[in-house]
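Student: Got a file for you: query-v7.cif, mmCIF, C-alpha atoms.
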data_coords
#
loop_
_atom_site.label_atom_id
_atom_site.label_comp_id
_atom_site.auth_asym_id
_atom_site.auth_seq_id
_atom_site.Cartn_x
_atom_site.Cartn_y
_atom_site.Cartn_z
CA MET A 7 162.15 43.54 4.61
CA ASP A 8 159.91 44.97 1.91
CA TYR A 9 157.98 41.91 0.80
CA GLU A 10 156.10 43.70 -1.93
CA GLN A 11 159.34 44.77 -3.58
CA LEU A 12 160.71 41.24 -3.26
CA LEU A 13 157.53 39.85 -4.83
CA ASN A 14 157.73 42.33 -7.70
CA MET A 15 161.32 41.38 -8.38
CA ALA A 16 160.60 37.64 -8.42
CA ALA A 17 157.57 38.17 -10.66
CA GLU A 18 159.63 40.31 -13.04
CA LEU A 19 162.38 37.68 -13.27
CA GLY A 20 159.80 34.97 -13.90
CA TYR A 21 158.15 37.17 -16.53
CA GLN A 22 161.44 37.70 -18.35
CA LEU A 23 162.14 33.97 -18.27
CA MET A 24 158.69 33.20 -19.67
CA TYR A 25 159.14 35.87 -22.30
CA SER A 26 162.41 34.30 -23.45
CA GLY A 27 160.56 31.03 -24.08
CA ALA A 28 161.78 29.08 -21.03
CA GLU A 29 160.07 25.89 -19.90
CA ILE A 30 157.40 26.18 -17.21
CA TYR A 31 159.37 24.18 -14.63
CA ARG A 32 162.36 26.50 -15.07
CA VAL A 33 160.20 29.59 -14.49
CA GLU A 34 158.52 28.14 -11.42
CA GLU A 35 161.72 26.79 -9.90
CA SER A 36 163.73 29.97 -10.54
CA ALA A 37 161.15 32.26 -8.93
CA ARG A 38 160.69 29.89 -5.98
CA ARG A 39 164.41 29.53 -5.30
CA LEU A 40 164.87 33.29 -5.53
CA LEU A 41 162.15 33.88 -2.93
CA GLN A 42 163.55 31.14 -0.71
CA ALA A 43 167.03 32.66 -0.94
CA TYR A 44 165.56 35.87 0.51
CA GLY A 45 164.26 33.96 3.50
CA LEU A 46 160.65 33.18 2.68
CA GLU A 47 159.64 29.72 3.80
CA SER A 48 156.95 28.55 1.44
CA PRO A 49 156.57 30.80 -1.59
CA GLU A 50 154.04 29.58 -4.15
CA VAL A 51 154.69 30.00 -7.85
CA PHE A 52 152.30 28.85 -10.52
CA ALA A 53 152.80 29.26 -14.24
CA ILE A 54 151.05 28.18 -17.43
CA PRO A 55 152.24 29.24 -20.89
CA ASN A 56 150.77 32.75 -20.74
CA CYS A 57 150.23 33.46 -17.07
CA LEU A 58 152.46 33.66 -14.01
CA ILE A 59 151.21 33.86 -10.41
CA VAL A 60 153.55 34.41 -7.47
CA SER A 61 152.19 34.36 -3.96
CA VAL A 62 153.96 34.65 -0.61
CA ALA A 63 152.94 34.92 3.03
CA THR A 64 154.94 37.40 5.12
CA PRO A 65 156.18 36.21 8.53
CA GLU A 66 153.25 38.14 10.07
CA GLY A 67 150.91 35.92 8.09
CA GLN A 68 149.89 38.56 5.57
CA PRO A 69 149.38 37.01 2.10
CA VAL A 70 150.70 38.96 -0.90
CA THR A 71 150.06 37.90 -4.51
CA ARG A 72 151.17 39.14 -7.90
CA MET A 73 149.97 37.95 -11.28
CA ARG A 74 151.58 38.64 -14.64
CA ARG A 75 150.00 37.97 -18.01
CA VAL A 76 152.62 37.00 -20.58
CA PRO A 77 151.86 38.15 -24.15
CA SER A 78 152.68 35.99 -27.14
CA HIS A 79 156.42 35.88 -27.55
CA GLY A 80 159.21 34.32 -29.57
CA THR A 81 162.30 32.49 -28.41
CA ASP A 82 165.31 34.42 -27.16
CA ILE A 83 168.00 32.05 -25.96
CA GLU A 84 170.43 34.81 -24.96
CA LEU A 85 167.82 36.34 -22.63
CA LEU A 86 167.05 32.89 -21.24
CA GLU A 87 170.71 32.18 -20.47
CA ARG A 88 171.23 35.57 -18.85
CA CYS A 89 168.09 35.29 -16.69
CA ASN A 90 169.26 31.87 -15.60
CA GLY A 91 172.73 33.16 -14.79
CA LEU A 92 171.37 36.18 -12.90
CA CYS A 93 168.99 34.01 -10.90
CA ARG A 94 171.84 31.70 -9.89
CA ARG A 95 173.97 34.68 -8.88
CA LEU A 96 171.18 36.30 -6.85
CA CYS A 97 170.45 33.03 -5.04
CA ALA A 98 174.13 32.55 -4.20
CA GLU A 99 175.01 36.11 -3.17
CA VAL A 100 171.64 37.45 -1.91
CA PRO A 101 172.52 41.14 -2.50
CA PRO A 102 170.40 43.95 -0.99
CA LEU A 103 166.93 44.11 -2.49
CA ASP A 104 167.40 47.45 -4.31
CA GLU A 105 170.55 46.21 -5.99
CA ALA A 106 168.90 42.94 -7.03
CA GLN A 107 165.87 44.72 -8.40
CA ALA A 108 168.05 47.05 -10.45
CA ALA A 109 169.91 44.05 -11.88
CA VAL A 110 166.64 42.34 -12.88
CA ALA A 111 165.22 45.54 -14.38
CA ALA A 112 168.40 46.10 -16.41
CA LEU A 113 168.20 42.64 -18.00
CA PRO A 114 166.09 43.21 -21.13
CA GLU A 115 168.05 46.24 -22.32
CA ALA A 116 171.44 44.60 -21.88
CA ILE A 117 170.70 41.70 -24.22
CA PRO A 118 172.75 41.75 -27.43
CA ARG A 119 170.54 41.24 -30.46
CA HIS A 120 171.31 40.47 -34.06
CA SER A 121 170.63 43.34 -36.42
CA PRO A 122 167.53 42.87 -38.63
CA ARG A 123 169.78 42.46 -41.65
CA LEU A 124 171.65 39.61 -40.03
CA MET A 125 168.38 37.98 -38.99
CA LEU A 126 167.16 38.29 -42.56
CA LEU A 127 170.33 36.55 -43.68
CA GLY A 128 169.45 33.74 -41.26
CA TYR A 129 165.96 33.48 -42.74
CA GLY A 130 167.52 33.14 -46.18
CA ALA A 131 170.42 30.86 -45.25
CA ALA A 132 168.42 28.23 -43.38
CA PRO A 133 166.15 27.31 -46.35
CA ALA A 134 169.07 27.56 -48.76
CA PHE A 135 170.98 24.91 -46.83
CA PHE A 136 167.87 22.78 -46.38
CA ALA A 137 167.40 22.47 -50.16
CA PRO A 138 170.29 19.99 -50.66
CA LEU A 139 169.01 17.93 -47.71
CA PHE A 140 165.74 17.39 -49.57
CA GLY A 141 167.49 16.55 -52.83
CA GLY A 142 167.72 19.96 -54.51
CA GLY A 143 170.51 21.31 -56.68
CA LEU A 144 172.35 24.62 -56.70
CA TRP A 145 169.52 26.51 -58.42
CA ASP A 146 167.05 25.17 -55.90
CA MET A 147 169.33 26.51 -53.19
CA ALA A 148 169.23 29.97 -54.74
CA CYS A 149 165.43 29.88 -55.09
CA ALA A 150 164.99 28.64 -51.53
CA PHE A 151 167.22 31.51 -50.37
CA LEU A 152 164.93 34.02 -52.07
CA CYS A 153 161.76 32.39 -50.68
CA GLY A 154 163.31 32.39 -47.21
CA LEU A 155 164.16 36.08 -47.54
CA ALA A 156 160.53 36.81 -48.49
CA VAL A 157 159.26 34.92 -45.44
CA GLY A 158 161.80 36.72 -43.24
CA LEU A 159 160.78 40.14 -44.58
CA CYS A 160 157.14 39.26 -43.99
CA LEU A 161 157.80 38.14 -40.38
CA LEU A 162 160.20 40.96 -39.44
CA TYR A 163 158.53 43.94 -41.07
CA GLY A 164 154.97 42.79 -41.76
CA GLY A 165 153.91 42.66 -38.11
CA LYS A 166 151.80 45.79 -38.50
CA PHE A 167 149.67 44.30 -41.27
CA LEU A 168 149.59 40.72 -40.08
CA GLY A 169 148.73 41.42 -36.44
CA ALA A 170 149.66 39.26 -33.49
CA ASN A 171 147.70 36.19 -34.56
CA ASN A 172 150.23 33.40 -34.94
CA PHE A 173 147.93 31.16 -37.00
CA PHE A 174 147.14 33.86 -39.55
CA ARG A 175 150.75 35.05 -39.75
CA THR A 176 152.05 31.55 -40.41
CA ALA A 177 149.38 30.90 -43.04
CA VAL A 178 150.19 34.14 -44.91
CA CYS A 179 153.96 33.49 -44.84
CA SER A 180 153.45 29.93 -45.99
CA ALA A 181 151.19 31.05 -48.85
CA LEU A 182 153.80 33.62 -49.87
CA ALA A 183 156.57 31.01 -49.86
CA ALA A 184 154.53 28.51 -51.89
CA LEU A 185 153.49 31.14 -54.45
CA LEU A 186 157.03 32.48 -54.83
CA ALA A 187 158.39 28.94 -55.20
CA ILE A 188 156.00 28.23 -58.09
CA VAL A 189 156.84 31.54 -59.78
CA LEU A 190 160.59 30.98 -59.37
CA VAL A 191 160.43 27.46 -60.75
CA LYS A 192 158.11 28.26 -63.67
CA ALA A 193 159.63 31.57 -64.73
CA GLY A 194 163.07 31.24 -63.18
CA PRO A 195 165.90 28.83 -62.76
CA GLY A 196 164.40 26.57 -60.06
CA GLU A 197 164.14 22.84 -60.76
CA SER A 198 161.64 21.40 -58.31
CA VAL A 199 158.64 23.18 -56.80
CA ASP A 200 158.41 20.60 -54.00
CA VAL A 201 162.02 21.01 -52.85
CA VAL A 202 161.95 24.81 -52.91
CA THR A 203 158.61 25.00 -51.09
CA ILE A 204 159.55 22.51 -48.39
CA SER A 205 162.91 24.22 -47.80
CA ALA A 206 161.22 27.60 -47.39
CA LEU A 207 158.52 26.15 -45.12
CA MET A 208 161.17 24.76 -42.77
CA VAL A 209 161.57 28.23 -41.22
CA LEU A 210 157.90 28.20 -40.20
CA VAL A 211 157.70 24.60 -38.99
CA PRO A 212 156.63 24.29 -35.31
CA GLY A 213 159.86 22.66 -34.15
CA VAL A 214 160.16 24.96 -31.17
CA ALA A 215 156.62 24.25 -29.96
CA LEU A 216 157.19 20.53 -30.41
CA THR A 217 160.45 20.52 -28.46
CA ASN A 218 158.97 22.67 -25.71
CA ALA A 219 155.92 20.40 -25.46
CA MET A 220 158.22 17.41 -25.05
CA ARG A 221 160.21 19.13 -22.32
CA GLU A 222 157.02 20.03 -20.43
CA ILE A 223 155.91 16.39 -20.53
CA MET A 224 159.33 15.40 -19.23
CA ALA A 225 158.97 17.83 -16.32
CA GLY A 226 155.44 16.62 -15.57
CA ASP A 227 153.57 19.83 -16.49
CA THR A 228 150.84 18.08 -18.44
CA TYR A 229 148.63 21.13 -18.83
CA SER A 230 151.38 23.23 -20.42
CA ALA A 231 152.46 20.29 -22.54
CA LEU A 232 148.93 19.91 -23.94
CA SER A 233 148.68 23.61 -24.69
CA ARG A 234 152.02 23.61 -26.52
CA THR A 235 151.14 20.47 -28.46
CA ALA A 236 147.91 22.12 -29.57
CA ASP A 237 150.01 25.11 -30.63
CA ALA A 238 152.30 22.88 -32.71
CA ILE A 239 149.35 21.18 -34.43
CA LEU A 240 147.67 24.54 -35.15
CA VAL A 241 150.84 25.98 -36.67
CA ALA A 242 151.32 22.85 -38.78
CA SER A 243 147.78 23.14 -40.12
CA ALA A 244 148.31 26.84 -40.80
CA ILE A 245 151.36 25.93 -42.87
CA ALA A 246 149.41 23.34 -44.84
CA LEU A 247 146.48 25.71 -45.34
CA GLY A 248 148.71 28.58 -46.45
CA ALA A 249 150.75 26.43 -48.82
CA ALA A 250 147.57 25.04 -50.38
CA ALA A 251 146.26 28.57 -50.95
CA GLY A 252 149.61 29.70 -52.36
CA GLN A 253 149.78 26.79 -54.76
CA ALA A 254 146.21 27.36 -55.90
CA LEU A 255 147.11 30.98 -56.64
CA GLY A 256 150.31 29.90 -58.39
CA GLY A 257 148.33 27.44 -60.52
CA LEU A 258 146.46 30.36 -62.10
CA PHE A 259 149.56 31.51 -63.97
CA MET B 2 185.23 7.54 -50.96
CA GLU B 3 183.36 9.97 -53.14
CA ALA B 4 180.08 8.36 -52.17
CA ILE B 5 180.85 9.04 -48.51
CA LEU B 6 181.59 12.65 -49.35
CA THR B 7 178.40 13.37 -51.31
CA ASP B 8 176.08 11.09 -49.34
CA TYR B 9 177.14 11.92 -45.81
CA ALA B 10 179.69 14.75 -45.48
CA LEU B 11 177.94 17.28 -47.70
CA PRO B 12 174.46 16.93 -46.14
CA CYS B 13 175.98 17.24 -42.67
CA VAL B 14 177.76 20.45 -43.66
CA CYS B 15 174.45 21.76 -45.00
CA ALA B 16 172.64 20.80 -41.79
CA PHE B 17 175.37 22.61 -39.83
CA TRP B 18 174.91 25.86 -41.75
CA ALA B 19 171.12 25.60 -41.72
CA CYS B 20 171.24 25.35 -37.92
CA VAL B 21 173.62 28.31 -37.74
CA GLY B 22 171.04 30.22 -39.79
CA PHE B 23 168.42 29.34 -37.17
CA THR B 24 170.64 30.58 -34.33
CA LEU B 25 170.35 34.06 -35.86
CA MET B 26 166.56 33.89 -35.46
CA TYR B 27 166.62 32.62 -31.89
CA ASN B 28 169.28 35.10 -30.72
CA ILE B 29 172.04 32.64 -29.85
CA HIS B 30 175.49 34.21 -29.62
CA GLY B 31 179.11 33.13 -29.56
CA LEU B 32 180.02 29.53 -28.89
CA GLY B 33 176.34 28.57 -28.76
CA LYS B 34 176.11 28.98 -32.56
CA LEU B 35 178.85 26.39 -33.06
CA ILE B 36 177.32 23.95 -30.58
CA ALA B 37 173.85 24.20 -32.12
CA GLY B 38 175.31 23.71 -35.61
CA VAL B 39 177.36 20.67 -34.60
CA GLY B 40 174.29 19.23 -32.88
CA GLY B 41 172.25 19.62 -36.06
CA ALA B 42 174.99 18.00 -38.18
CA LEU B 43 175.31 15.12 -35.71
CA GLY B 44 171.56 14.52 -35.73
CA TRP B 45 171.40 14.52 -39.51
CA LEU B 46 174.37 12.12 -39.75
CA VAL B 47 172.66 9.63 -37.43
CA TYR B 48 169.42 10.05 -39.39
CA LEU B 49 171.22 9.27 -42.68
CA LEU B 50 173.14 6.33 -41.23
CA GLY B 51 169.87 4.94 -39.88
CA GLY B 52 168.31 4.98 -43.34
CA ARG B 53 165.88 7.94 -43.09
CA THR B 54 163.18 5.93 -41.31
CA ILE B 55 161.09 6.84 -38.28
CA PHE B 56 163.38 4.74 -36.11
CA ALA B 57 166.39 6.61 -37.55
CA ALA B 58 164.72 9.88 -36.49
CA PHE B 59 164.27 8.42 -33.01
CA LEU B 60 167.99 7.53 -32.82
CA ALA B 61 168.98 10.93 -34.20
CA ALA B 62 166.85 12.73 -31.63
CA ALA B 63 168.39 10.59 -28.88
CA ALA B 64 171.91 11.46 -30.10
CA ILE B 65 171.02 15.16 -30.14
CA GLY B 66 169.51 14.88 -26.66
CA VAL B 67 172.67 13.37 -25.18
CA PHE B 68 174.88 15.85 -27.05
CA ALA B 69 172.83 18.83 -25.81
CA GLU B 70 172.88 17.54 -22.22
CA VAL B 71 176.67 17.11 -22.30
CA MET B 72 177.17 20.57 -23.80
CA SER B 73 174.88 22.22 -21.25
CA ARG B 74 176.96 20.61 -18.46
CA VAL B 75 180.19 21.80 -20.08
CA ARG B 76 178.95 25.37 -20.56
CA ARG B 77 176.68 25.47 -17.49
CA CYS B 78 173.84 26.86 -19.56
CA PRO B 79 170.21 25.77 -19.99
CA VAL B 80 169.95 22.86 -22.40
CA THR B 81 166.93 24.40 -24.19
CA GLY B 82 168.68 26.40 -26.90
CA TYR B 83 170.96 23.70 -28.23
CA LEU B 84 168.23 21.06 -28.22
CA LEU B 85 165.73 23.35 -29.89
CA VAL B 86 167.90 24.34 -32.84
CA ALA B 87 169.59 20.98 -33.40
CA LEU B 88 166.23 19.18 -33.66
CA LEU B 89 164.87 21.60 -36.28
CA PRO B 90 166.27 19.92 -39.43
CA LEU B 91 164.54 16.69 -38.42
CA VAL B 92 161.08 18.23 -37.97
CA PRO B 93 158.94 16.76 -40.78
CA GLY B 94 158.27 19.87 -42.88
CA GLY B 95 158.19 17.71 -46.00
CA GLY B 96 155.58 15.48 -44.40
CA ILE B 97 153.28 18.43 -43.72
CA TYR B 98 153.71 19.61 -47.30
CA TYR B 99 153.10 16.25 -49.01
CA ALA B 100 150.12 15.51 -46.74
CA MET B 101 148.63 18.84 -47.83
CA ARG B 102 149.28 18.01 -51.51
CA HIS B 103 147.55 14.64 -51.23
CA CYS B 104 144.66 16.20 -49.31
CA VAL B 105 144.11 18.89 -51.94
CA ALA B 106 144.34 16.32 -54.74
CA GLY B 107 141.69 14.21 -53.01
CA GLU B 108 143.95 11.17 -52.55
CA THR B 109 142.57 10.12 -49.19
CA ASP B 110 144.63 6.94 -48.78
CA GLN B 111 147.95 8.62 -49.47
CA PHE B 112 146.93 11.64 -47.41
CA LEU B 113 146.22 9.48 -44.36
CA SER B 114 149.41 7.44 -44.69
CA THR B 115 151.55 10.61 -45.14
CA LEU B 116 149.80 12.25 -42.20
CA LEU B 117 150.42 9.23 -39.98
CA HIS B 118 154.06 9.11 -41.07
CA THR B 119 154.42 12.82 -40.24
CA LEU B 120 152.87 12.34 -36.81
CA GLY B 121 155.11 9.31 -36.28
CA MET B 122 158.21 11.37 -37.12
CA ALA B 123 157.17 14.11 -34.68
CA ALA B 124 156.46 11.58 -31.95
CA ALA B 125 159.78 9.80 -32.60
CA LEU B 126 161.65 13.10 -32.26
CA ALA B 127 159.91 13.99 -29.01
CA VAL B 128 160.26 10.54 -27.42
CA GLY B 129 163.86 10.12 -28.59
CA ALA B 130 165.12 13.40 -27.15
CA MET B 131 163.04 12.96 -23.99
CA LEU B 132 164.29 9.44 -23.35
CA ALA B 133 167.93 10.37 -23.96
CA SER B 134 167.73 13.35 -21.59
CA SER B 135 165.98 11.37 -18.86
CA VAL B 136 168.38 8.42 -19.07
CA PHE B 137 171.36 10.78 -19.13
CA ARG B 138 170.12 12.52 -15.98
CA ALA B 139 169.46 9.22 -14.25
CA ILE B 140 172.96 7.90 -15.02
CA PHE B 141 174.95 11.05 -14.31
CA PRO B 142 173.15 12.83 -11.47
CA ARG B 143 176.42 14.10 -10.04
CA LEU B 144 177.27 15.92 -13.25
CA ARG B 145 174.18 18.01 -12.75
CA PRO B 146 175.07 21.67 -12.31
CA PRO B 147 174.31 23.04 -8.85
CA LYS B 148 170.69 24.11 -8.64
CA LYS B 149 169.90 27.69 -9.43
#
Rewrite the structure of this file - the entire thing - as structure tokens.
Tutor:
Amino acid sequence: MDYEQLLNMAAELGYQLMYSGAEIYRVEESARRLLQAYGLESPEVFAIPNCLIVSVATPEGQPVTRMRRVPSHGTDIELLERCNGLCRRLCAEVPPLDEAQAAVAALPEAIPRHSPRLMLLGYGAAPAFFAPLFGGGLWDMACAFLCGLAVGLCLLYGGKFLGANNFFRTAVCSALAALLAIVLVKAGPGESVDVVTISALMVLVPGVALTNAMREIMAGDTYSALSRTADAILVASAIALGAAAGQALGGLF
Amino acid sequence: MEAILTDYALPCVCAFWACVGFTLMYNIHGLGKLIAGVGGALGWLVYLLGGRTIFAAFLAAAAIGVFAEVMSRVRRCPVTGYLLVALLPLVPGGGIYYAMRHCVAGETDQFLSTLLHTLGMAAALAVGAMLASSVFRAIFPRLRPPKK
């Protein structure tokens, strides 16, 4: 058997899982079970939020190791579910290595994605429906929708100007939302600056990082849990910082 | 009757649609959208019934945790997506905002108490969902889908 090809395949599957935002224990367990299904006795898989190391020893005693660095990524539940399904299928059927590798390589392209317009609608709709939860009226809903759209535009199309820095990106989006909320309430139909701003900020809130941190603690991966908690706290402070800057700017009018 | 409609039914419908909006961002398709939305509405209902306190957030997160675990068993899918989206309406965005306002205005006392309340909400969410999932797994180990 070609152990290097097997190792590459397992590393690629683990990489895709990490990239979809899966928990660390899921990545480690999936890659390990896949290698075990192909007859390796004690494969070692180690992952932390942005690095994945897979190491195996061939039956002749030759160690082979592969490391993948995972860039910053979002959350893609469809990719996560498909990786999970594929891993289960590969472990159950154990197809020939070439076939399995082709299936893993074909994963990212086969994922259905929402069109940017639909995603933008999501960015607008979520704040709009949050406004009544925080005590806003119909006009607040409309303003929150517009603020959400602005944040969505900034996140979807502003990547080139904002760079890959999550902290900076969040702060800029939050400042934009706060500024727009003040403008819409002062010059437009909005009723409450607080409600509109909070509703728009809900799209940026680190709920995902918080939930992931909790699931890492549950699985016993303390290191990853700490790193994700730090991420959540950083994003929260970026939101506060950005909103403060936006409101200071808005106060000039 | 009308009070029930405006106080409970309407907010839950809003939470449902807000969560569906989030599913567009996290690339959830098909039935998953509905499940995530219902989870969000359920969580918000429990939160309202509990009186919008930290303990109510804890109960709401626990309800969402159990709901997400059941749904992941039914659909044989990872629990992550449903849990993630359904918890989002409860994340204390307002707390972050008001803490910032008090901080900028120099009101240290109110800033600290808002900050602590925000941290308490976040901790309640995490512990609630974690506890519910762990207890659920301990009670129903046989419902666990076969390992990958």
Student: Within 6 Å of chain A, which residues of chain B come that close, and what is the closest atom pair and distance in Å for each? Count all atoms listed in the file and give it as JSON lines.
Tutor:
{"residue": "B:Pro12", "atom": "CA", "partner": "A:Leu139", "partner_atom": "CA", "distance": 5.8}
{"residue": "B:Cys15", "atom": "CA", "partner": "A:Phe135", "partner_atom": "CA", "distance": 5.0}
{"residue": "B:Ala19", "atom": "CA", "partner": "A:Ala132", "partner_atom": "CA", "distance": 4.1}
{"residue": "B:Gly22", "atom": "CA", "partner": "A:Gly128", "partner_atom": "CA", "distance": 4.1}
{"residue": "B:Leu25", "atom": "CA", "partner": "A:Met125", "partner_atom": "CA", "distance": 5.4}
{"residue": "B:Met26", "atom": "CA", "partner": "A:Met125", "partner_atom": "CA", "distance": 5.7}
{"residue": "B:Tyr27", "atom": "CA", "partner": "A:Asp82", "partner_atom": "CA", "distance": 5.2}
{"residue": "B:Asn28", "atom": "CA", "partner": "A:Asp82", "partner_atom": "CA", "distance": 5.4}
{"residue": "B:Ile29", "atom": "CA", "partner": "A:Glu84", "partner_atom": "CA", "distance": 5.6}
{"residue": "B:Gly82", "atom": "CA", "partner": "A:Ile83", "partner_atom": "CA", "distance": 5.8}
{"residue": "B:Leu85", "atom": "CA", "partner": "A:Val214", "partner_atom": "CA", "distance": 5.9}
{"residue": "B:Leu89", "atom": "CA", "partner": "A:Gly213", "partner_atom": "CA", "distance": 5.5}
{"residue": "B:Val92", "atom": "CA", "partner": "A:Gly213", "partner_atom": "CA", "distance": 6.0}
{"residue": "B:Gly94", "atom": "CA", "partner": "A:Met208", "partner_atom": "CA", "distance": 5.7}
{"residue": "B:Gly95", "atom": "CA", "partner": "A:Ile204", "partner_atom": "CA", "distance": 5.5}
{"residue": "B:Met101", "atom": "CA", "partner": "A:Ala246", "partner_atom": "CA", "distance": 5.5}
{"residue": "B:Ala127", "atom": "CA", "partner": "A:Met220", "partner_atom": "CA", "distance": 5.5}
{"residue": "B:Lys149", "atom": "CA", "partner": "A:Arg94", "partner_atom": "CA", "distance": 4.5}
Student: I'd like to know which of A:Tyr9, A:Ala17, A:Tyr31, A:Tyr163 is closest to A:Glu66, using all atoms listed in the file.
Tutor: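 Nearest to A:Glu66: A:Tyr9.
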Student: Taking into account all atoms listed in the file, which residue in the set B:Leu132, B:Val71, B:Leu43, B:Ala63 is nearest to B:Cys20?
Tutor: B:Leu43
Student: Hey, can you check how far atom CA of B:Ser134 sits from atom CA of A:Ala238?
Tutor: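 According to the coordinates, atom CA of B:Ser134 and atom CA of A:Ala238 are separated by 21.3 Å.
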Student: Please expand the PyMOL selection byres ((chain B and resi 62) around 7) into the concrete residues it hits in this file, giving the result as a PyMOL selection string.
Tutor: chain B and resi 44+58-61+63-66+88+126+129-130
Student: Selected by the PyMOL selection byres ((chain A and resi 76) around 9) in the shown coordinates: which residues, as a PyMOL selection string?
Tutor: chain A and resi 21+24-25+55-58+74-75+77-79
Student: For the atom pair atom CA of B:Ala37 and atom CA of B:Tyr83, what is the interatomic distance in Å to one decimal place?
Tutor: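 Rounded to one decimal, the two atoms are 4.9 Å apart.
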Student: Using only C-alpha atoms, which residues sit within 7 Å of B:His103 once same-chain residues fewer than 5 positions away are excluded, as a list in words?
Tutor: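 Skipping anything fewer than 5 positions along the chain leaves Glu108, Gln111 and Phe112 of chain B.
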Student: I'd like to know which of A:Gly256, A:Thr235, A:Phe174, A:Leu190 is closest to B:Ala123, using all atoms listed in the file.
Tutor: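 Among A:Gly256, A:Thr235, A:Phe174, A:Leu190, it is A:Thr235 that comes nearest to B:Ala123.
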Student: Could you list, as a list in words, every residue matched by the PyMOL selection byres ((chain B and resi 35) around 12) in this structure?
Tutor: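 Evaluating the PyMOL selection byres ((chain B and resi 35) around 12) on this file yields Phe17, Trp18, Ala19, Cys20, Val21, Gly22, Phe23, Thr24, Leu25, Ile29, His30, Gly31, Leu32, Gly33, Lys34, Ile36, Ala37, Gly38, Val39, Gly40, Gly41, Ala42, Met72, Gly82, Tyr83, Val86 and Ala87 of chain B.
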Student: Keeping C-alpha atoms for every residue in the selection just given, could you write it to a file as a compact mmCIF listing (two decimals), in the coordinates of the input?
Tutor:
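Contents of again10.txt, as written:
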# COMPACT_ATOMS: atom_id res chain seq x y z
CA PHE B 17 175.37 22.61 -39.83
CA TRP B 18 174.91 25.86 -41.75
CA ALA B 19 171.12 25.60 -41.72
CA CYS B 20 171.24 25.35 -37.92
CA VAL B 21 173.62 28.31 -37.74
CA GLY B 22 171.04 30.22 -39.79
CA PHE B 23 168.42 29.34 -37.17
CA THR B 24 170.64 30.58 -34.33
CA LEU B 25 170.35 34.06 -35.86
CA ILE B 29 172.04 32.64 -29.85
CA HIS B 30 175.49 34.21 -29.62
CA GLY B 31 179.11 33.13 -29.56
CA LEU B 32 180.02 29.53 -28.89
CA GLY B 33 176.34 28.57 -28.76
CA LYS B 34 176.11 28.98 -32.56
CA ILE B 36 177.32 23.95 -30.58
CA ALA B 37 173.85 24.20 -32.12
CA GLY B 38 175.31 23.71 -35.61
CA VAL B 39 177.36 20.67 -34.60
CA GLY B 40 174.29 19.23 -32.88
CA GLY B 41 172.25 19.62 -36.06
CA ALA B 42 174.99 18.00 -38.18
CA MET B 72 177.17 20.57 -23.80
CA GLY B 82 168.68 26.40 -26.90
CA TYR B 83 170.96 23.70 -28.23
CA VAL B 86 167.90 24.34 -32.84
CA ALA B 87 169.59 20.98 -33.40
Student: Just want the 9 Å neighbourhood of A:Arg38, counted on all atoms listed in the file, with same-chain residues fewer than 2 positions away dropped. Output as number ranges by chain.
Tutor: A: 16, 33-36, 40-43, 48-51, 60
Student: Hey, what's within 8 Å of A:Ala156 if we count only C-alpha atoms and toss same-chain stuff fewer than 3 positions away? As a PDB file with C-alpha atoms, in the coordinates of the input, please?
Tutor:
ATOM      1  CA  LEU A 152     164.930  34.020 -52.070  1.00  0.00           C
ATOM      2  CA  CYS A 153     161.760  32.390 -50.680  1.00  0.00           C
ATOM      3  CA  LEU A 159     160.780  40.140 -44.580  1.00  0.00           C
ATOM      4  CA  CYS A 160     157.140  39.260 -43.990  1.00  0.00           C
ATOM      5  CA  LEU A 182     153.800  33.620 -49.870  1.00  0.00           C
ATOM      6  CA  ALA A 183     156.570  31.010 -49.860  1.00  0.00           C
TER       7      ALA A 183
END
